[in-house]
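**Student:** After the structure tokens below, expect a handful of questions from me.
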Amino acid sequence: MQLHSAQFPVLSLILLVCLAGLAAVVLLPAEKKQAVKYVSAVCSAVTLGLSVYVFVAYDRALGGMQFVEHLQWAPSLGISYINGVDGFAAPLLLLTGIVFFTGVLTMWEHDLRVKEFFAMFILLVTGVFGMFMALDLFFLFVWYDVSLFPMYLLIVIWGSTNREYGAMKLTLFLLAGSALILPGIVYLVAESGMGTFSLPALVNQADFSPFVQKLAFFLFYVGFGILAGVWPFHTWSPAGHVAAPTAVSMLHAGVLMKIGAFGILRVGMFLCPEGWAFWAPVMALLATIGILYGALAGLRQTDLKFVIGYSSVSHMGVVGLGLATMTVDGVNGAVFQMFAHGVMTALFFSAVGYIYDKTHEREFANLGGLSHVMPVAGGYFILAALTGIGVPCLASFWAELLVLLAAFDAYPVYGVVAVTALAINALFILRVVEKTCFGPVNPKWEHLPDVSFGLGLPRLVLAGVIVIFGIMPFLMYETIQSASMLLISGLP
Amino acid sequence: MTNWTLFAPELFMLAAAGLFFALSLARPQPARDFAAAMVVAAIGLSLTVWAVGAEGVLFAGTYRVDLFSQVFKVLISAGFFLVICLCGDLSGVADKRHSEFYLLLAVCTLALMLLTSCVHLLAIYLALELSSYSLYILVCLRRGREKGLESGLKYFIIGACASALMLFGFALLYGTGMSLHLADLARELPGRLHEPVVLIGFVLGLSGFLFKIAAFPFHFWAPEVYEAAPHQAGAYIATVSKAGGIAVLLRITAAAGAGGDQLVGFLMVVSVASMTLGNLAAIAQQDLKRLLAFSSVAHAGYVMVAILSFNAMGLSSGVFYAMSLLVMKLTCFMIVIQVSAGGNNIRINDLAGLHRQAPVLAAALMLALFSLAGIPPTIGFTAKLLVFTAAAENGYLWLVIVAMANVVISLYYYLRVLKAAYFLEPEDSASPVRVPAPMNFLALVLIFFTVAAGIYPQPFIAAARALTHALIG
């Protein structure tokens, strides 16, 4: 793992901006709802700007870890504060910035306990940013948990359908995941005998025996896999998505599930390559079952959020399948899919959120003809659906194409199953679109307003990102490639 | 020639006990007693801080003043001070008993201070009994509750059994020709732990300390005592008394060297049983103090993980854990005291509406709960990380996984408390919670420590390391 120091600590700046925003929101009086929203919006806009800067300024030709910051933190325990970004992390930071910004704007009309909502929301995002850039296992774990625990209150207080159950299930599942990750980390650190939590030091110098790698990788795979929605640990995900408020669903399906996949990649695959090779067939099997299961379970759903929730399980299966191929293309596709699915799901939830806010109805059988009533909102919904089913020239297409091509080589049977499942899912999603947006207009919704420009802005941003990276996939591809080449060529 | 300055904090506490005794003879005046207690506790705390650097041996080698004992004395008197801070509203105890309440707290604090310094098994026994006897009475002081007496009796009987077993253990050790001096014990014990008599003697000898920290199988008193005792006494038992118990446990087990398979196996059973039993039982509780009691039992289990590692890391993590328990449990009891009207017990759902009526307390409660569950970035997480690192160094990966599984179980009931404080709305009849400004300030201080030790643990870890060196050289 090559480290290139930062001229200017831009990564820490992202975290500091988040924390400053958090402090400002906490200090503002609870009655000043508008001020809280403006502070959150400014905070998210600045972090979005910084994450775009990191993505653009990342030197693809150089590769390796860039913008690296290093600070001794707790030397008596081997903890140091190291941040860095490689071709895997840069797209995900960008994703976080986009979803943060659009999430805040989506909640602009939100009126219940505004201050606490945005405080929790910013705290959660801080954890996500930190997790994507952390290169020290201690900090990585701390950020990971910081991004999880606000979830409980966010869902319980501001959620909808069956929220207490959904929130408790989600929190316990995700914390059960970290109950495997922490032992894994502590175990590796103890086995290395180096007394350090620093990821670069462990990757470059530690010599783990195959047994240690297999055991540790298993812990990381299951631990992070719970958050990544790996079948059969995914059951928290649809229930949680449905219960959560719109912006939290966006962040959650859009970014948090990627944290899980990223954790497998960053910790499991970087530290335990032999474990990766050993468990790859199992990963491929579980991922394929996940793709198939998500697609089939989606068929039975009547609630729009459940439909998206199950399609997320399916799409995250694609990520898992890509990682399991252990090839450059597969890993490229997997990371690209993380990004594309993140933006797509955010748009999807945001579109459904708008429809739900206006109609208080998510059963798609009771909707209908929405494209006549609210053509713009319907348009966003359709675009998200098309991205979800992988229509060419939209971002997801390239990601799924890469993964499936790699999968056909490595696991032909799974590849065929996955393609079939995705096709079934696509047909189903098209039917959902038909029932929701076309057909006769339900007279109940005839008088509903369309999306205003302000509320449409976040959706526009998300749609723009999907199209840009759909038309110019190389912008994303080359960045990821710079990291995956190094990872794969470094395999034993 | 005895150097009495080494003994100054203890002497001061003794004098304080005398003062409260005198006050108890005068006409009862709660405000005066509280003011006197605050002054005494503040001076006691500064005295122990002043005495941190002291080193020396007293009383024919049975009493050792070193960094380990001195820092624990700071912890204990800091805990004493904080508990006294919470006594502003001591409505759970009859007015005329306030001075006696402080008297017993002072005596117990004195005993716990002695406990951290004793290096002779009989001296340890005496100090342990002195602290326990004051607590037995403290528990019974609850105003108008028959249950106070009943639980005090239960506490006493279990304590007496544990003491008897402990004495029997010491006698066995003595019978095998070993000295009762810890320094001599540390030379002989590690090599002889495979002998059944020695092993049984040592294990029985630990029972008194397991009772003190409410570990399985001496945990039965905890829920009744926490429930029935005055809130402040409960806070004291959950924090200060535990710190003393952990200190002496660390000192004794440090004498056992690397432990040995049978001893480690026994302690593993104690550890896993404590945490699992405590966490499972806590799920069913409605009374907040009973819940805290069972969570204490679970935490005793995590502390045992630190102790059974029998390495330097384990000892320092034990020190850190004592500190973290002090902060976390004290925060929880502070909320109990503030929310309860007239010193009555509160149920979890009585916390409803706390986030509106007392936002600072609610935030402190949230952090304390996450800290108890071991979620970063809090002091409780750092404590667990240290403990698990110690266990992993010895290759006890499965134990770490069992402990983490327990963390997930515990999260369920902590989240229920959190939900009550942040999500439920109070019924109209409930009286609103009013928080005096000093309590808000105290809550902020506790929040600061909870988060600071979670984010930047270096100074605390370094201190714990230094203590360990003082202990094992």
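Following the order of the structure tokens, first chain is A, next is B, and so on, with residues numbered from 1 inside each chain and ligands from 1 in the order they appear.
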Output as a Markdown table one row per residue of chain A within 8 Å of chain B: the closest atom pair and its distance in Å to one decimal place, counting only C-alpha atoms, sorted by chain and residue number ascending.

**Tutor:**
```
| residue | atom | partner | partner_atom | distance |
| --- | --- | --- | --- | --- |
| A:Trp73 | CA | B:Gln458 | CA | 7.0 |
| A:Ala74 | CA | B:Gln458 | CA | 4.5 |
| A:Pro75 | CA | B:Gln458 | CA | 7.3 |
| A:Ser76 | CA | B:Ala462 | CA | 6.5 |
| A:Leu77 | CA | B:Ile461 | CA | 7.8 |
| A:Val142 | CA | B:Pro376 | CA | 5.3 |
| A:Trp143 | CA | B:Pro376 | CA | 8.0 |
| A:Asp145 | CA | B:Pro376 | CA | 6.3 |
| A:Val146 | CA | B:Pro376 | CA | 6.6 |
| A:Leu153 | CA | B:Lys419 | CA | 7.5 |
| A:Val156 | CA | B:Phe423 | CA | 7.1 |
| A:Ile157 | CA | B:Phe423 | CA | 5.8 |
| A:Met168 | CA | B:Tyr412 | CA | 7.5 |
| A:Leu172 | CA | B:Val408 | CA | 6.3 |
| A:Leu175 | CA | B:Val408 | CA | 6.2 |
| A:Ala176 | CA | B:Val408 | CA | 5.8 |
| A:Ala179 | CA | B:Met404 | CA | 4.8 |
| A:Leu180 | CA | B:Ile401 | CA | 6.7 |
| A:Pro183 | CA | B:Val400 | CA | 6.0 |
| A:Val186 | CA | B:Thr389 | CA | 5.6 |
| A:Tyr187 | CA | B:Ala392 | CA | 5.6 |
| A:Ala190 | CA | B:Glu393 | CA | 5.2 |
| A:Glu191 | CA | B:Glu393 | CA | 7.6 |
```

**Student:** For the residues in that selection, give me C-alpha atoms as a PDB file, in the first residue's frame.

**Tutor:**
```
ATOM      1  CA  TRP A  73      -3.104   9.352  18.494  1.00  0.00           C
ATOM      2  CA  ALA A  74      -2.726   6.799  21.277  1.00  0.00           C
ATOM      3  CA  PRO A  75       0.779   5.392  20.857  1.00  0.00           C
ATOM      4  CA  SER A  76       0.519   3.219  23.963  1.00  0.00           C
ATOM      5  CA  LEU A  77      -2.162   1.239  22.185  1.00  0.00           C
ATOM      6  CA  VAL A 142     -15.309   3.968  15.563  1.00  0.00           C
ATOM      7  CA  TRP A 143     -16.638   5.722  12.457  1.00  0.00           C
ATOM      8  CA  ASP A 145     -20.384   2.532  14.699  1.00  0.00           C
ATOM      9  CA  VAL A 146     -20.906   6.284  14.726  1.00  0.00           C
ATOM     10  CA  LEU A 153     -33.561   7.227  16.954  1.00  0.00           C
ATOM     11  CA  VAL A 156     -38.089   5.424  15.908  1.00  0.00           C
ATOM     12  CA  ILE A 157     -38.862   9.123  16.135  1.00  0.00           C
ATOM     13  CA  MET A 168     -34.899  -2.347  16.836  1.00  0.00           C
ATOM     14  CA  LEU A 172     -29.561  -5.175  16.659  1.00  0.00           C
ATOM     15  CA  LEU A 175     -24.579  -4.137  15.949  1.00  0.00           C
ATOM     16  CA  ALA A 176     -24.426  -7.917  15.762  1.00  0.00           C
ATOM     17  CA  ALA A 179     -19.865  -7.759  17.310  1.00  0.00           C
ATOM     18  CA  LEU A 180     -17.985  -9.880  14.766  1.00  0.00           C
ATOM     19  CA  PRO A 183     -13.118  -9.425  17.552  1.00  0.00           C
ATOM     20  CA  VAL A 186      -8.525  -7.305  17.801  1.00  0.00           C
ATOM     21  CA  TYR A 187      -7.576 -10.809  16.705  1.00  0.00           C
ATOM     22  CA  ALA A 190      -2.878  -9.475  18.377  1.00  0.00           C
ATOM     23  CA  GLU A 191      -1.751 -12.065  15.803  1.00  0.00           C
TER      24      GLU A 191
END
```

**Student:** Env of Ser12 in chain A: 12 Å cut, atoms = only C-alpha atoms, seq-sep filter 5 positions within chain, self excluded. Answer as an NGL selection string.

**Tutor:** :A and (6 or 17-20 or 47 or 50-51 or 54 or 67-71 or 81-85 or 126 or 129-130 or 133-134)

**Student:** Which residues in range 276-316 of chain B does DSSP call alpha helix (DSSP H)? List them as a PyMOL selection string.

**Tutor:** chain B and resi 276-283+288-308+312-316

**Student:** Next, dump the selected residues to file, keeping only C-alpha atoms, as an mmCIF file, in the first residue's frame.

**Tutor:**
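Everything below was put into selection-v2.cif:
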```cif
data_model
loop_
_atom_site.group_PDB
_atom_site.id
_atom_site.type_symbol
_atom_site.label_atom_id
_atom_site.label_comp_id
_atom_site.auth_asym_id
_atom_site.auth_seq_id
_atom_site.Cartn_x
_atom_site.Cartn_y
_atom_site.Cartn_z
ATOM 1 C CA THR B 276 -24.932 -13.737 30.032
ATOM 2 C CA LEU B 277 -27.058 -13.974 33.142
ATOM 3 C CA GLY B 278 -26.899 -10.262 33.832
ATOM 4 C CA ASN B 279 -27.838 -9.281 30.303
ATOM 5 C CA LEU B 280 -30.633 -11.796 29.887
ATOM 6 C CA ALA B 281 -32.161 -10.900 33.242
ATOM 7 C CA ALA B 282 -31.922 -7.186 32.519
ATOM 8 C CA ILE B 283 -34.152 -7.578 29.464
ATOM 9 C CA LEU B 288 -34.750 1.289 36.001
ATOM 10 C CA LYS B 289 -32.566 0.593 39.032
ATOM 11 C CA ARG B 290 -33.082 -3.157 38.785
ATOM 12 C CA LEU B 291 -32.067 -2.888 35.149
ATOM 13 C CA LEU B 292 -28.926 -1.050 36.160
ATOM 14 C CA ALA B 293 -28.250 -3.732 38.753
ATOM 15 C CA PHE B 294 -28.339 -6.525 36.220
ATOM 16 C CA SER B 295 -26.246 -4.475 33.847
ATOM 17 C CA SER B 296 -23.734 -4.209 36.718
ATOM 18 C CA VAL B 297 -23.659 -7.980 36.927
ATOM 19 C CA ALA B 298 -22.963 -8.129 33.201
ATOM 20 C CA HIS B 299 -20.201 -5.576 33.544
ATOM 21 C CA ALA B 300 -18.628 -7.646 36.292
ATOM 22 C CA GLY B 301 -18.395 -10.330 33.620
ATOM 23 C CA TYR B 302 -16.485 -8.022 31.281
ATOM 24 C CA VAL B 303 -14.179 -7.036 34.128
ATOM 25 C CA MET B 304 -13.460 -10.722 34.701
ATOM 26 C CA VAL B 305 -12.317 -10.991 31.070
ATOM 27 C CA ALA B 306 -9.677 -8.394 31.878
ATOM 28 C CA ILE B 307 -8.632 -10.237 35.017
ATOM 29 C CA LEU B 308 -8.481 -13.728 33.574
ATOM 30 C CA ALA B 312 -0.132 -6.451 31.775
ATOM 31 C CA MET B 313 -2.739 -5.385 29.243
ATOM 32 C CA GLY B 314 -5.423 -7.088 31.291
ATOM 33 C CA LEU B 315 -4.421 -5.268 34.442
ATOM 34 C CA SER B 316 -4.396 -1.868 32.779
#
```

**Student:** Need the shell around His241 in chain A: protein/DNA/RNA residues with any atom at most 10 Å away, counting only C-alpha atoms. Skip same-chain ones fewer than 2 positions apart. Format as number ranges by chain?

**Tutor:** A: 155, 159-161, 163, 166-167, 170, 236-239, 243-246, 248-250, 252-253, 305-306, 308-310, 312, 349

**Student:** Would you save the residues of that selection, restricted to N, CA and C atoms, as a short mmCIF file (atom, residue, chain, number, x, y, z; two decimals), in the first residue's frame?

**Tutor:**
```
data_model
loop_
_atom_site.label_atom_id
_atom_site.label_comp_id
_atom_site.auth_asym_id
_atom_site.auth_seq_id
_atom_site.Cartn_x
_atom_site.Cartn_y
_atom_site.Cartn_z
N ILE A 155 -35.08 6.38 13.05
CA ILE A 155 -36.23 5.60 12.59
C ILE A 155 -37.36 5.65 13.61
N GLY A 159 -39.87 7.84 11.84
CA GLY A 159 -40.21 6.82 10.84
C GLY A 159 -41.68 6.66 10.63
N SER A 160 -42.04 5.63 9.83
CA SER A 160 -43.46 5.36 9.58
C SER A 160 -43.74 3.88 9.89
N THR A 161 -44.28 3.17 8.93
CA THR A 161 -44.77 1.81 9.12
C THR A 161 -43.94 0.96 10.08
N ARG A 163 -42.43 1.21 12.89
CA ARG A 163 -41.09 1.75 13.05
C ARG A 163 -40.34 1.18 14.25
N GLY A 166 -39.03 -2.15 13.21
CA GLY A 166 -37.99 -2.00 12.18
C GLY A 166 -36.70 -1.44 12.74
N ALA A 167 -36.84 -0.43 13.62
CA ALA A 167 -35.65 0.22 14.16
C ALA A 167 -34.87 -0.74 15.05
N LEU A 170 -33.21 -3.49 12.94
CA LEU A 170 -32.07 -2.96 12.19
C LEU A 170 -30.87 -2.74 13.10
N TRP A 236 -33.07 -7.44 7.94
CA TRP A 236 -33.31 -6.15 8.58
C TRP A 236 -33.58 -5.08 7.53
N SER A 237 -33.06 -5.30 6.31
CA SER A 237 -32.98 -4.20 5.36
C SER A 237 -34.34 -3.74 4.83
N PRO A 238 -35.19 -4.63 4.28
CA PRO A 238 -36.49 -4.12 3.82
C PRO A 238 -37.31 -3.52 4.96
N ALA A 239 -37.34 -4.19 6.11
CA ALA A 239 -38.12 -3.68 7.24
C ALA A 239 -37.62 -2.30 7.66
N ALA A 243 -39.53 1.48 7.31
CA ALA A 243 -39.85 2.23 8.52
C ALA A 243 -39.21 3.61 8.51
N ALA A 244 -38.09 3.77 7.82
CA ALA A 244 -37.31 5.00 7.95
C ALA A 244 -37.94 6.16 7.20
N PRO A 245 -37.71 7.41 7.67
CA PRO A 245 -38.14 8.57 6.90
C PRO A 245 -37.32 8.69 5.61
N THR A 246 -37.83 9.48 4.65
CA THR A 246 -37.26 9.48 3.30
C THR A 246 -35.75 9.68 3.27
N VAL A 248 -33.55 9.36 5.46
CA VAL A 248 -32.80 8.30 6.12
C VAL A 248 -32.78 7.05 5.24
N SER A 249 -33.88 6.76 4.58
CA SER A 249 -33.87 5.65 3.63
C SER A 249 -32.84 5.90 2.54
N MET A 250 -32.81 7.14 2.07
CA MET A 250 -31.85 7.49 1.00
C MET A 250 -30.42 7.22 1.46
N HIS A 252 -29.49 5.52 3.91
CA HIS A 252 -29.30 4.18 4.40
C HIS A 252 -29.05 3.20 3.27
N ALA A 253 -29.99 3.18 2.31
CA ALA A 253 -29.81 2.27 1.18
C ALA A 253 -28.72 2.80 0.27
N LYS A 305 -41.97 1.01 -1.12
CA LYS A 305 -40.69 1.00 -0.42
C LYS A 305 -40.17 -0.43 -0.26
N PHE A 306 -41.08 -1.37 -0.07
CA PHE A 306 -40.64 -2.76 0.00
C PHE A 306 -40.05 -3.20 -1.34
N ILE A 308 -38.46 -1.38 -3.48
CA ILE A 308 -37.09 -0.87 -3.59
C ILE A 308 -36.17 -1.60 -2.61
N GLY A 309 -36.71 -1.87 -1.41
CA GLY A 309 -35.90 -2.56 -0.40
C GLY A 309 -35.41 -3.90 -0.92
N TYR A 310 -36.29 -4.66 -1.52
CA TYR A 310 -35.86 -5.97 -2.01
C TYR A 310 -34.97 -5.84 -3.24
N SER A 312 -32.87 -3.61 -3.58
CA SER A 312 -31.55 -3.29 -3.02
C SER A 312 -30.80 -4.56 -2.65
N PHE A 349 -35.85 6.44 -3.58
CA PHE A 349 -36.51 6.71 -2.31
C PHE A 349 -37.00 8.14 -2.25
#
```

**Student:** Leaving out Cys393 in chain A and any residue of its chain fewer than 3 positions from it, which residues lie within 7 Å of it when counting only C-alpha atoms, given as a PyMOL selection string?

**Tutor:** chain A and resi 397+467+470-471

**Student:** When you look at Glu100 in chain B with a cut-off of 12 Å (counting only C-alpha atoms), what residues show up, excluding the ones that are within fewer than 2 positions of it in the same chain? I need them as a ChimeraX atom specification.

**Tutor:** /B:16-26,28-30,33-34,37,93-98,102-107,134,137-138,140-141

**Student:** Hey, can you spit out that residue selection with N, CA and C atoms as a short mmCIF file (atom, residue, chain, number, x, y, z; two decimals), in the first residue's frame?

**Tutor:**
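Okay, part-v2.cif is ready:
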```
data_model
loop_
_atom_site.label_atom_id
_atom_site.label_comp_id
_atom_site.auth_asym_id
_atom_site.auth_seq_id
_atom_site.Cartn_x
_atom_site.Cartn_y
_atom_site.Cartn_z
N ALA B 16 -13.39 12.95 59.19
CA ALA B 16 -14.68 13.35 58.61
C ALA B 16 -15.79 12.51 59.21
N ALA B 17 -15.53 11.20 59.36
CA ALA B 17 -16.53 10.33 59.96
C ALA B 17 -16.85 10.81 61.37
N GLY B 18 -15.80 11.24 62.12
CA GLY B 18 -16.02 11.77 63.46
C GLY B 18 -16.89 13.02 63.43
N LEU B 19 -16.62 13.87 62.44
CA LEU B 19 -17.41 15.10 62.31
C LEU B 19 -18.89 14.78 62.09
N PHE B 20 -19.15 13.85 61.18
CA PHE B 20 -20.55 13.51 60.90
C PHE B 20 -21.21 12.85 62.11
N PHE B 21 -20.40 12.14 62.88
CA PHE B 21 -20.94 11.54 64.09
C PHE B 21 -21.38 12.65 65.05
N ALA B 22 -20.53 13.67 65.16
CA ALA B 22 -20.89 14.79 66.03
C ALA B 22 -22.15 15.47 65.52
N LEU B 23 -22.23 15.65 64.19
CA LEU B 23 -23.41 16.30 63.62
C LEU B 23 -24.67 15.49 63.88
N SER B 24 -24.50 14.17 63.89
CA SER B 24 -25.68 13.32 64.07
C SER B 24 -26.23 13.45 65.49
N LEU B 25 -25.39 13.96 66.41
CA LEU B 25 -25.86 14.15 67.78
C LEU B 25 -26.63 15.46 67.90
N ALA B 26 -26.35 16.40 66.99
CA ALA B 26 -27.00 17.72 67.06
C ALA B 26 -28.39 17.64 66.42
N PRO B 28 -31.16 17.82 63.74
CA PRO B 28 -31.02 17.54 62.29
C PRO B 28 -31.26 18.79 61.45
N GLN B 29 -30.32 19.11 60.61
CA GLN B 29 -30.46 20.22 59.66
C GLN B 29 -29.90 19.77 58.31
N PRO B 30 -30.74 19.29 57.44
CA PRO B 30 -30.25 18.70 56.17
C PRO B 30 -29.33 19.62 55.39
N ASP B 33 -25.90 19.66 56.97
CA ASP B 33 -25.21 18.40 56.76
C ASP B 33 -24.69 18.28 55.33
N PHE B 34 -25.54 18.72 54.37
CA PHE B 34 -25.13 18.63 52.96
C PHE B 34 -23.92 19.51 52.70
N ALA B 37 -20.88 17.96 54.10
CA ALA B 37 -20.45 16.81 53.30
C ALA B 37 -19.73 17.26 52.04
N VAL B 93 -34.11 9.59 52.10
CA VAL B 93 -33.68 9.29 53.46
C VAL B 93 -34.33 10.31 54.40
N ALA B 94 -34.81 9.85 55.55
CA ALA B 94 -35.45 10.76 56.50
C ALA B 94 -34.47 11.86 56.92
N ASP B 95 -35.01 13.07 57.12
CA ASP B 95 -34.15 14.22 57.41
C ASP B 95 -33.20 13.97 58.57
N LYS B 96 -33.70 13.33 59.61
CA LYS B 96 -32.87 13.18 60.81
C LYS B 96 -31.76 12.16 60.60
N ARG B 97 -31.82 11.42 59.50
CA ARG B 97 -30.80 10.42 59.25
C ARG B 97 -29.71 10.90 58.30
N HIS B 98 -29.85 12.14 57.80
CA HIS B 98 -28.89 12.59 56.78
C HIS B 98 -27.45 12.53 57.28
N TYR B 102 -24.25 10.38 55.71
CA TYR B 102 -22.91 10.83 55.33
C TYR B 102 -21.83 10.14 56.15
N LEU B 103 -22.15 9.90 57.42
CA LEU B 103 -21.19 9.21 58.29
C LEU B 103 -20.83 7.85 57.70
N LEU B 104 -21.87 7.11 57.31
CA LEU B 104 -21.61 5.77 56.79
C LEU B 104 -20.88 5.83 55.45
N LEU B 105 -21.25 6.81 54.61
CA LEU B 105 -20.53 6.95 53.34
C LEU B 105 -19.06 7.23 53.59
N ALA B 106 -18.78 8.09 54.57
CA ALA B 106 -17.38 8.43 54.85
C ALA B 106 -16.62 7.20 55.36
N VAL B 107 -17.25 6.44 56.24
CA VAL B 107 -16.59 5.24 56.76
C VAL B 107 -16.32 4.26 55.62
N SER B 134 -20.69 -0.92 56.46
CA SER B 134 -21.33 0.39 56.30
C SER B 134 -22.39 0.33 55.22
N ILE B 137 -25.82 -1.11 56.28
CA ILE B 137 -26.71 -0.18 56.99
C ILE B 137 -27.24 0.89 56.03
N LEU B 138 -26.36 1.35 55.12
CA LEU B 138 -26.79 2.39 54.18
C LEU B 138 -28.02 1.95 53.40
N CYS B 140 -30.37 0.06 54.33
CA CYS B 140 -31.58 0.04 55.14
C CYS B 140 -32.11 1.42 55.45
N LEU B 141 -31.38 2.47 55.09
CA LEU B 141 -31.78 3.81 55.50
C LEU B 141 -32.92 4.39 54.67
#
```

**Student:** Leaving out Ala229 in chain B and any residue of its chain fewer than 3 positions from it, which residues lie within 7 Å of it when counting only C-alpha atoms, given as a ChimeraX atom specification?

**Tutor:** /B:139-140,142,148,225-226,233-234

**Student:** Those residues with C-alpha atoms, as a tab-separated table (two decimals), in the first residue's frame please?

**Tutor:**
```
chain	number	residue	atom	x	y	z
B	139	VAL	CA	-29.14	0.16	52.21
B	140	CYS	CA	-31.58	0.04	55.14
B	142	ARG	CA	-34.42	4.20	52.79
B	148	GLY	CA	-35.03	-1.70	52.55
B	225	VAL	CA	-30.23	-3.87	46.93
B	226	TYR	CA	-30.19	-1.45	44.00
B	233	ALA	CA	-26.46	4.70	48.14
B	234	GLY	CA	-27.21	2.72	44.99
```

**Student:** With only C-alpha atoms as the basis for distance, which of B:Gly61, B:Gly259, B:Gly265, B:Gly144 is at the shortest distance from His120 in chain B?

**Tutor:**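 Among the listed residues, B:Gly61 lies closest to His120 in chain B.
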
**Student:** Could you tell me how far CA of Gly322 in chain A lies from CA of Phe88 in chain A, in Å and to one decimal?

**Tutor:**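 The value is 13.7 Å.
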
**Student:** For Ala183 in chain B, which of B:Ala222, B:Cys118, B:Ala171, B:Leu153 is the closest residue, counting only C-alpha atoms?

**Tutor:**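 Nearest candidate to Ala183 in chain B out of B:Ala222, B:Cys118, B:Ala171, B:Leu153: B:Cys118.
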
**Student:** What's around range 339-348 of chain A at 8 Å? Count only C-alpha atoms, leave out sequence neighbours fewer than 4 positions away in its own chain, and write the answer as a PyMOL selection string.

**Tutor:** chain A and resi 91-92+95+98-99+249-251+253-255+258+308+312+315+335+352+380-381+384-385+387-388+395-396+399+459+462-463+465-466

**Student:** Quick one: of A:Gln72, A:Ser147, A:Ser44, A:Asn366, who's nearest to Leu105 in chain A, counting only C-alpha atoms?

**Tutor:**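 Between A:Gln72, A:Ser147, A:Ser44, A:Asn366, the residue approaching Leu105 in chain A most closely is A:Ser44.
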
**Student:** Please compute the CA of Tyr155 in chain B-CA of Met328 in chain B distance, one decimal, in Å.

**Tutor:**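 Those two atoms sit 23.6 Å apart.
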
**Student:** What does the distance between CA of Asp89 in chain B and CA of Glu227 in chain B come to in Å, to one decimal place?

**Tutor:** 17.8 Å

**Student:** For the structure I just gave you, how does DSSP split range 95-236 of chain B - specifically, which residues are strand (DSSP E or B)? Reply as a list of chain:residue names.

**Tutor:**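 Across range 95-236 of chain B, those assigned strand (DSSP E or B) are B:Cys118, B:His120, B:Arg142, B:His181.
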